[in-house]
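J.: Provided herewith: upload_15.tsv, TSV, N, CA and C atoms and all ligand atoms.
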```tsv
chain	number	residue	atom	x	y	z
A	1	MET	N	0.84	-1.20	0.00
A	1	MET	CA	0.00	0.00	0.00
A	1	MET	C	0.87	1.25	0.00
A	2	LYS	N	0.28	2.36	-0.37
A	2	LYS	CA	1.00	3.62	-0.37
A	2	LYS	C	1.01	4.19	1.05
A	3	CYS	N	2.13	4.78	1.44
A	3	CYS	CA	2.27	5.32	2.79
A	3	CYS	C	1.41	6.57	2.97
A	4	LEU	N	0.67	6.61	4.06
A	4	LEU	CA	-0.21	7.75	4.32
A	4	LEU	C	0.55	8.94	4.90
A	5	MET	N	1.73	8.67	5.44
A	5	MET	CA	2.48	9.73	6.10
A	5	MET	C	3.25	10.57	5.08
A	6	CYS	N	4.10	9.94	4.31
A	6	CYS	CA	4.93	10.70	3.38
A	6	CYS	C	4.31	10.75	1.98
A	7	LYS	N	3.32	9.90	1.74
A	7	LYS	CA	2.60	9.85	0.46
A	7	LYS	C	3.52	9.60	-0.73
A	8	ASN	N	4.71	9.11	-0.42
A	8	ASN	CA	5.69	8.86	-1.46
A	8	ASN	C	6.08	7.41	-1.51
A	9	GLY	N	6.30	6.88	-0.31
A	9	GLY	CA	6.83	5.54	-0.21
A	9	GLY	C	5.76	4.49	-0.36
A	10	VAL	N	6.22	3.27	-0.54
A	10	VAL	CA	5.35	2.11	-0.60
A	10	VAL	C	5.73	1.22	0.57
A	11	THR	N	4.73	0.63	1.21
A	11	THR	CA	5.03	-0.20	2.37
A	11	THR	C	5.35	-1.63	1.94
A	12	ALA	N	6.13	-2.28	2.76
A	12	ALA	CA	6.46	-3.68	2.55
A	12	ALA	C	6.33	-4.40	3.88
A	13	LYS	N	6.11	-5.70	3.81
A	13	LYS	CA	5.99	-6.50	5.01
A	13	LYS	C	7.29	-6.44	5.80
A	14	GLY	N	7.17	-6.21	7.10
A	14	GLY	CA	8.38	-6.16	7.92
A	14	GLY	C	8.03	-6.21	9.40
A	15	LYS	N	8.99	-5.80	10.21
A	15	LYS	CA	8.79	-5.78	11.66
A	15	LYS	C	9.01	-4.36	12.15
A	16	ALA	N	8.20	-3.98	13.12
A	16	ALA	CA	8.33	-2.64	13.67
A	16	ALA	C	8.53	-2.72	15.17
A	17	THR	N	9.16	-1.71	15.72
A	17	THR	CA	9.23	-1.55	17.16
A	17	THR	C	8.21	-0.50	17.54
A	18	VAL	N	7.22	-0.90	18.31
A	18	VAL	CA	6.13	-0.01	18.67
A	18	VAL	C	6.37	0.52	20.08
A	19	THR	N	6.46	1.84	20.19
A	19	THR	CA	6.67	2.46	21.49
A	19	THR	C	5.42	3.25	21.86
A	20	LEU	N	4.84	2.93	22.99
A	20	LEU	CA	3.62	3.60	23.43
A	20	LEU	C	3.85	4.19	24.81
A	21	THR	N	3.34	5.39	25.02
A	21	THR	CA	3.42	5.96	26.36
A	21	THR	C	2.02	6.26	26.84
A	22	ARG	N	1.82	6.04	28.12
A	22	ARG	CA	0.53	6.32	28.72
A	22	ARG	C	0.79	6.69	30.17
A	23	GLY	N	0.37	7.89	30.54
A	23	GLY	CA	0.69	8.36	31.87
A	23	GLY	C	2.19	8.32	32.05
A	24	GLY	N	2.66	7.64	33.11
A	24	GLY	CA	4.09	7.57	33.34
A	24	GLY	C	4.72	6.32	32.78
A	25	SER	N	3.96	5.53	32.07
A	25	SER	CA	4.48	4.26	31.59
A	25	SER	C	4.91	4.34	30.13
A	26	VAL	N	6.03	3.70	29.86
A	26	VAL	CA	6.51	3.58	28.49
A	26	VAL	C	6.58	2.09	28.17
A	27	VAL	N	5.92	1.71	27.11
A	27	VAL	CA	5.90	0.30	26.73
A	27	VAL	C	6.51	0.18	25.34
A	28	VAL	N	7.53	-0.65	25.23
A	28	VAL	CA	8.20	-0.87	23.95
A	28	VAL	C	7.97	-2.31	23.54
A	29	ILE	N	7.36	-2.51	22.40
A	29	ILE	CA	7.08	-3.86	21.92
A	29	ILE	C	7.86	-4.07	20.64
A	30	LYS	N	8.74	-5.06	20.70
A	30	LYS	CA	9.65	-5.29	19.58
A	30	LYS	C	9.10	-6.36	18.65
A	31	GLU	N	9.58	-6.31	17.41
A	31	GLU	CA	9.27	-7.34	16.41
A	31	GLU	C	7.78	-7.51	16.17
A	32	VAL	N	7.10	-6.40	16.05
A	32	VAL	CA	5.67	-6.44	15.72
A	32	VAL	C	5.52	-6.55	14.21
A	33	PRO	N	4.79	-7.56	13.75
A	33	PRO	CA	4.60	-7.67	12.30
A	33	PRO	C	3.82	-6.48	11.77
A	34	ALA	N	4.33	-5.85	10.74
A	34	ALA	CA	3.73	-4.60	10.26
A	34	ALA	C	4.03	-4.40	8.80
A	35	GLN	N	3.33	-3.46	8.22
A	35	GLN	CA	3.69	-2.94	6.90
A	35	GLN	C	4.54	-1.70	7.16
A	36	VAL	N	5.76	-1.72	6.66
A	36	VAL	CA	6.69	-0.64	6.96
A	36	VAL	C	7.01	0.14	5.68
A	37	CYS	N	6.93	1.47	5.77
A	37	CYS	CA	7.22	2.31	4.61
A	37	CYS	C	8.72	2.26	4.32
A	38	ARG	N	9.06	2.01	3.07
A	38	ARG	CA	10.49	1.95	2.70
A	38	ARG	C	11.10	3.33	2.65
A	39	ASN	N	10.27	4.33	2.55
A	39	ASN	CA	10.78	5.69	2.42
A	39	ASN	C	10.98	6.36	3.78
A	40	CYS	N	9.95	6.40	4.61
A	40	CYS	CA	10.05	7.18	5.85
A	40	CYS	C	10.06	6.31	7.10
A	41	GLY	N	9.80	5.03	6.98
A	41	GLY	CA	9.86	4.16	8.15
A	41	GLY	C	8.58	4.11	8.96
A	42	GLU	N	7.55	4.83	8.55
A	42	GLU	CA	6.27	4.74	9.24
A	42	GLU	C	5.74	3.31	9.14
A	43	TYR	N	5.05	2.87	10.18
A	43	TYR	CA	4.55	1.49	10.11
A	43	TYR	C	3.04	1.47	10.29
A	44	TYR	N	2.44	0.43	9.76
A	44	TYR	CA	1.00	0.24	9.83
A	44	TYR	C	0.71	-1.16	10.34
A	45	LEU	N	-0.18	-1.23	11.33
A	45	LEU	CA	-0.53	-2.52	11.89
A	45	LEU	C	-1.94	-2.87	11.46
A	46	ASP	N	-2.19	-4.15	11.21
A	46	ASP	CA	-3.58	-4.51	10.97
A	46	ASP	C	-4.31	-4.51	12.31
A	47	GLU	N	-5.63	-4.56	12.26
A	47	GLU	CA	-6.40	-4.35	13.48
A	47	GLU	C	-6.15	-5.41	14.55
A	48	GLY	N	-6.01	-6.64	14.11
A	48	GLY	CA	-5.74	-7.71	15.08
A	48	GLY	C	-4.42	-7.50	15.79
A	49	THR	N	-3.41	-7.11	15.03
A	49	THR	CA	-2.10	-6.86	15.61
A	49	THR	C	-2.14	-5.66	16.54
A	50	ALA	N	-2.84	-4.59	16.11
A	50	ALA	CA	-2.94	-3.39	16.96
A	50	ALA	C	-3.64	-3.73	18.27
A	51	GLU	N	-4.71	-4.50	18.20
A	51	GLU	CA	-5.44	-4.88	19.40
A	51	GLU	C	-4.55	-5.68	20.35
A	52	THR	N	-3.78	-6.60	19.78
A	52	THR	CA	-2.86	-7.40	20.59
A	52	THR	C	-1.83	-6.51	21.28
A	53	VAL	N	-1.27	-5.58	20.52
A	53	VAL	CA	-0.27	-4.66	21.06
A	53	VAL	C	-0.87	-3.85	22.22
A	54	TYR	N	-2.09	-3.36	22.04
A	54	TYR	CA	-2.71	-2.57	23.09
A	54	TYR	C	-3.03	-3.39	24.32
A	55	ARG	N	-3.47	-4.61	24.13
A	55	ARG	CA	-3.75	-5.48	25.29
A	55	ARG	C	-2.48	-5.71	26.09
A	56	GLN	N	-1.39	-5.97	25.36
A	56	GLN	CA	-0.13	-6.24	26.05
A	56	GLN	C	0.38	-4.97	26.73
A	57	ALA	N	0.15	-3.83	26.11
A	57	ALA	CA	0.53	-2.55	26.74
A	57	ALA	C	-0.33	-2.30	27.98
A	58	ASP	N	-1.62	-2.59	27.86
A	58	ASP	CA	-2.52	-2.40	29.01
A	58	ASP	C	-2.06	-3.22	30.21
A	59	ASP	N	-1.65	-4.46	29.96
A	59	ASP	CA	-1.16	-5.32	31.04
A	59	ASP	C	0.02	-4.68	31.75
A	60	ALA	N	0.94	-4.16	30.96
A	60	ALA	CA	2.14	-3.55	31.54
A	60	ALA	C	1.76	-2.31	32.35
A	61	VAL	N	0.84	-1.51	31.82
A	61	VAL	CA	0.41	-0.29	32.52
A	61	VAL	C	-0.28	-0.67	33.83
A	62	LYS	N	-1.10	-1.71	33.79
A	62	LYS	CA	-1.81	-2.16	35.00
A	62	LYS	C	-0.84	-2.62	36.07
A	63	ARG	N	0.25	-3.22	35.64
A	63	ARG	CA	1.26	-3.67	36.61
A	63	ARG	C	2.06	-2.49	37.15
A	64	GLY	N	1.82	-1.31	36.59
A	64	GLY	CA	2.52	-0.12	37.06
A	64	GLY	C	3.93	-0.01	36.54
A	65	ALA	N	4.17	-0.63	35.40
A	65	ALA	CA	5.52	-0.59	34.83
A	65	ALA	C	5.91	0.83	34.44
A	66	GLU	N	7.14	1.19	34.76
A	66	GLU	CA	7.66	2.50	34.33
A	66	GLU	C	8.10	2.40	32.88
A	67	VAL	N	8.94	1.43	32.65
A	67	VAL	CA	9.40	1.14	31.29
A	67	VAL	C	9.36	-0.37	31.13
A	68	GLU	N	8.72	-0.81	30.09
A	68	GLU	CA	8.66	-2.24	29.86
A	68	GLU	C	8.98	-2.50	28.39
A	69	VAL	N	9.90	-3.41	28.18
A	69	VAL	CA	10.32	-3.76	26.83
A	69	VAL	C	10.09	-5.24	26.65
A	70	PHE	N	9.35	-5.61	25.65
A	70	PHE	CA	9.18	-7.04	25.39
A	70	PHE	C	8.94	-7.30	23.92
A	71	ARG	N	8.91	-8.55	23.59
A	71	ARG	CA	8.72	-8.96	22.22
A	71	ARG	C	7.23	-9.21	21.98
A	72	TYR	N	6.78	-8.90	20.79
A	72	TYR	CA	5.39	-9.14	20.41
A	72	TYR	C	5.06	-10.62	20.52
A	73	ARG	N	3.94	-10.90	21.14
A	73	ARG	CA	3.47	-12.28	21.20
A	73	ARG	C	2.14	-12.37	20.47
A	74	PHE	N	2.08	-13.26	19.54
A	74	PHE	CA	0.84	-13.45	18.79
A	74	PHE	C	-0.25	-13.97	19.72
A	75	ASP	N	-1.42	-13.34	19.67
A	75	ASP	CA	-2.53	-13.76	20.52
A	75	ASP	C	-3.62	-14.37	19.62
A	76	PRO	N	-3.75	-15.70	19.66
A	76	PRO	CA	-4.68	-16.35	18.72
A	76	PRO	C	-6.15	-16.05	19.04
A	77	SER	N	-6.42	-15.46	20.22
A	77	SER	CA	-7.81	-15.16	20.55
A	77	SER	C	-8.30	-13.91	19.83
A	78	ILE	N	-7.39	-13.19	19.23
A	78	ILE	CA	-7.79	-11.98	18.52
A	78	ILE	C	-7.83	-12.26	17.03
A	79	LYS	N	-8.98	-12.03	16.47
A	79	LYS	CA	-9.14	-12.26	15.03
A	79	LYS	C	-8.33	-11.25	14.24
A	80	ASN	N	-7.69	-11.74	13.23
A	80	ASN	CA	-6.87	-10.86	12.40
A	80	ASN	C	-7.72	-10.23	11.31
A	81	ILE	N	-7.93	-8.95	11.44
A	81	ILE	CA	-8.68	-8.24	10.41
A	81	ILE	C	-7.67	-7.45	9.61
A	82	LEU	N	-7.59	-7.73	8.34
A	82	LEU	CA	-6.52	-7.15	7.54
A	82	LEU	C	-6.89	-5.77	7.01
A	83	ARG	N	-6.98	-4.85	7.93
A	83	ARG	CA	-7.19	-3.47	7.50
A	83	ARG	C	-6.12	-2.63	8.16
A	84	PRO	N	-5.23	-2.04	7.37
A	84	PRO	CA	-4.14	-1.28	7.96
A	84	PRO	C	-4.66	-0.05	8.70
A	85	SER	N	-4.02	0.25	9.76
A	85	SER	CA	-4.47	1.42	10.51
A	85	SER	C	-3.28	2.06	11.19
A	86	VAL	N	-3.40	3.31	11.44
A	86	VAL	CA	-2.34	4.04	12.12
A	86	VAL	C	-2.59	3.92	13.62
A	87	VAL	N	-1.60	3.45	14.33
A	87	VAL	CA	-1.76	3.14	15.74
A	87	VAL	C	-2.29	4.33	16.53
A	88	ALA	N	-1.71	5.47	16.33
A	88	ALA	CA	-2.04	6.62	17.17
A	88	ALA	C	-3.50	7.02	17.04
A	89	GLU	N	-4.09	6.74	15.90
A	89	GLU	CA	-5.48	7.13	15.71
A	89	GLU	C	-6.45	6.18	16.40
A	90	LYS	N	-5.98	4.99	16.67
A	90	LYS	CA	-6.87	3.97	17.21
A	90	LYS	C	-7.21	4.21	18.67
A	91	LYS	N	-6.21	4.53	19.44
A	91	LYS	CA	-6.44	4.70	20.86
A	91	LYS	C	-5.81	6.02	21.31
A	92	PRO	N	-6.64	7.03	21.44
A	92	PRO	CA	-6.09	8.34	21.79
A	92	PRO	C	-5.49	8.40	23.19
A	93	SER	N	-5.77	7.39	24.01
A	93	SER	CA	-5.19	7.41	25.35
A	93	SER	C	-3.70	7.12	25.32
A	94	TYR	N	-3.22	6.61	24.17
A	94	TYR	CA	-1.80	6.35	24.04
A	94	TYR	C	-1.19	7.38	23.11
A	95	ARG	N	0.04	7.69	23.38
A	95	ARG	CA	0.81	8.48	22.44
A	95	ARG	C	1.86	7.61	21.83
A	96	LYS	N	1.98	7.71	20.55
A	96	LYS	CA	3.01	6.94	19.88
A	96	LYS	C	4.25	7.80	19.82
A	97	THR	N	5.39	7.21	20.20
A	97	THR	CA	6.64	7.96	20.13
A	97	THR	C	7.60	7.20	19.22
A	98	ARG	N	8.57	7.91	18.73
A	98	ARG	CA	9.52	7.26	17.83
A	98	ARG	C	10.88	7.21	18.45
B	101	ZN	ZN	6.27	6.86	4.24
```
Would you give me this structure, written as structure tokens?
Ligand SMILES: [Zn+2]

T.:
Amino acid sequence: MKCLMCKNGVTAKGKATVTLTRGGSVVVIKEVPAQVCRNCGEYYLDEGTAETVYRQADDAVKRGAEVEVFRYRFDPSIKNILRPSVVAEKKPSYRKTR
């Protein structure tokens, strides 16, 4: 797909490091399967992946983690809906940082 951020690049299948902050917590999730723009590096997650990422971030926030870094774990209970979406737009309670 064409990148929505730079409108120049084309995305390709790859892995992204997703960093989310909420309140005082920073959650870094590595090796998240994503569509990554070859031009600017912006990434897009499908809805199932985004939901999984947020659930895992929620767990860390609930535990009161200041900084938590972990690897993406596939959650088979979440249906994979193949619609790319920008993470930051999905859950305004999180801020996406780079
Ligand atoms: Zn781009």

J.: Each residue of chain A with at least one atom at most 6 Å from ligand ZN 101 (chain B) should appear once, together with its nearest atom pair and the corresponding distance in Å (one decimal); atoms considered: all atoms listed in the file; ordering: chain, then increasing residue number; output as JSON lines.

T.:
```
{"residue": "A:Cys3", "atom": "CA", "partner": "B:ZN101", "partner_atom": "ZN", "distance": 4.5}
{"residue": "A:Leu4", "atom": "N", "partner": "B:ZN101", "partner_atom": "ZN", "distance": 5.6}
{"residue": "A:Met5", "atom": "C", "partner": "B:ZN101", "partner_atom": "ZN", "distance": 4.9}
{"residue": "A:Cys6", "atom": "N", "partner": "B:ZN101", "partner_atom": "ZN", "distance": 3.8}
{"residue": "A:Lys7", "atom": "N", "partner": "B:ZN101", "partner_atom": "ZN", "distance": 4.9}
{"residue": "A:Asn8", "atom": "N", "partner": "B:ZN101", "partner_atom": "ZN", "distance": 5.4}
{"residue": "A:Gly9", "atom": "N", "partner": "B:ZN101", "partner_atom": "ZN", "distance": 4.6}
{"residue": "A:Val10", "atom": "N", "partner": "B:ZN101", "partner_atom": "ZN", "distance": 6.0}
{"residue": "A:Cys37", "atom": "CA", "partner": "B:ZN101", "partner_atom": "ZN", "distance": 4.7}
{"residue": "A:Arg38", "atom": "N", "partner": "B:ZN101", "partner_atom": "ZN", "distance": 5.7}
{"residue": "A:Asn39", "atom": "C", "partner": "B:ZN101", "partner_atom": "ZN", "distance": 4.8}
{"residue": "A:Cys40", "atom": "N", "partner": "B:ZN101", "partner_atom": "ZN", "distance": 3.7}
{"residue": "A:Gly41", "atom": "N", "partner": "B:ZN101", "partner_atom": "ZN", "distance": 4.8}
{"residue": "A:Glu42", "atom": "N", "partner": "B:ZN101", "partner_atom": "ZN", "distance": 4.9}
```

J.: Place a sphere of radius 8 Å on (4.5, -8.0, 10.7) in the file coordinates and name every protein, DNA or RNA residue with an atom inside or on its surface, counting all atoms listed in the file; give the answer as number ranges by chain.

T.: A: 12-16, 31-36, 44-46

J.: For Gly24 in chain A, which of A:Arg73, A:Val61, A:Glu51, A:Gln56 is the closest residue, counting only N, CA and C atoms?

T.: A:Val61

J.: Rank nothing, just name the residue among A:Gly64, A:Met1, A:Ile29, A:Gly23 nearest to Thr49 in chain A, using only C-alpha atoms.

T.: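 For Thr49 in chain A, the nearest of the candidates is A:Ile29.
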
J.: By how many Å are CA of Leu20 in chain A and CA of Val53 in chain A apart?

T.: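 Between CA of Leu20 in chain A and CA of Val53 in chain A the gap is 9.4 Å.
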
J.: Tell me, in Å to one decimal, how far CA of Ala57 in chain A is from atom C of Lys30 in chain A.

T.: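 Going from CA of Ala57 in chain A over to atom C of Lys30 in chain A, I get 12.4 Å.
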
J.: Would you list, as a PyMOL selection string, the residues of range 5-72 of chain A that end up in strand (DSSP E) under DSSP run on this structure's backbone?

T.: chain A and resi 11-22+25-37+43-46+67-71
